[in-house]
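Student: This is the structure I want to talk about, given as structure tokens.
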Amino acid sequence: MKININKLDVFQMGKVYAVVIFAVLLLISLPFIFLFSTVFVGLGMASGMPSFFGTSSLAFVGAFFFILMFYTIISFIFGMLFAWVYNLTYKFHGGVSFETSNNNQIIEQ
């Protein structure tokens, strides 16, 4: 069975983009946060200035979460923009089509 997507919900597409980008960035970045935080704390203990490197570690984690939120908001906006452009240009390109098969059930119309 061939299915065409005629229209995308703009707000829903923005939410999906934002959630996917947030999850992927969080998954990729968490190991680096733990690594660099540990390095900052270790440097602080080795140098005898734990307060300076502890503050640097907190600043690094804060900057990371700021960047994560920034990218999430930007991806939400671009997801909505993509859906809006798709809806405007659907009549020219015919939309996205894909095929499905349902071998186990009979569909009644």
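Scheme for the structure tokens: letters A, B, ... for chains in order shown; per-chain residue numbers from 1; ligand numbers from 1 in order shown.
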Quick one: residues within 10 Å of Val16 (chain A), only C-alpha atoms, excluding same-chain residues fewer than 5 positions away - as a ChimeraX atom specification?

Tutor: /A:11,21-22,75-76,79-80

Student: Write to file, as a compact mmCIF listing (two decimals), in the first residue's frame, the residues of the selection just made, with N, CA and C atoms.

Tutor:
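See result23.txt below for the written result:
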# COMPACT_ATOMS: atom_id res chain seq x y z
N PHE A 11 3.66 22.57 14.55
CA PHE A 11 4.07 22.55 15.96
C PHE A 11 4.57 21.16 16.38
N ILE A 21 16.93 16.12 18.86
CA ILE A 21 18.22 16.81 18.99
C ILE A 21 18.66 16.82 20.45
N PHE A 22 17.73 17.09 21.38
CA PHE A 22 18.07 17.10 22.80
C PHE A 22 18.60 15.74 23.24
N SER A 75 16.55 23.91 17.15
CA SER A 75 16.01 22.77 16.40
C SER A 75 14.49 22.80 16.39
N PHE A 76 13.86 23.28 17.45
CA PHE A 76 12.40 23.43 17.47
C PHE A 76 11.97 24.42 16.38
N GLY A 79 12.56 22.87 12.95
CA GLY A 79 11.58 21.82 12.69
C GLY A 79 10.26 22.40 12.22
N MET A 80 9.84 23.49 12.87
CA MET A 80 8.61 24.16 12.44
C MET A 80 8.79 24.79 11.05

Student: With DSSP run on the backbone, what are the strand (DSSP E) residues within region 65-101 of chain A? I'd like them as a list in words.

Tutor: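 Answer for region 65-101 of chain A, restricted to strand (DSSP E): Val96, Ser97, Phe98 and Glu99 of chain A.
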
Student: Can you list, as a PyMOL selection string, all residues belonging to region 3-49 of chain A that DSSP tags as helix (DSSP H, G or I)?

Tutor: chain A and resi 10-47

Student: Could you work out how far CA of Phe78 (chain A) lies from CA of Asn4 (chain A), giving the answer in Å with one decimal?

Tutor: 22.5 Å
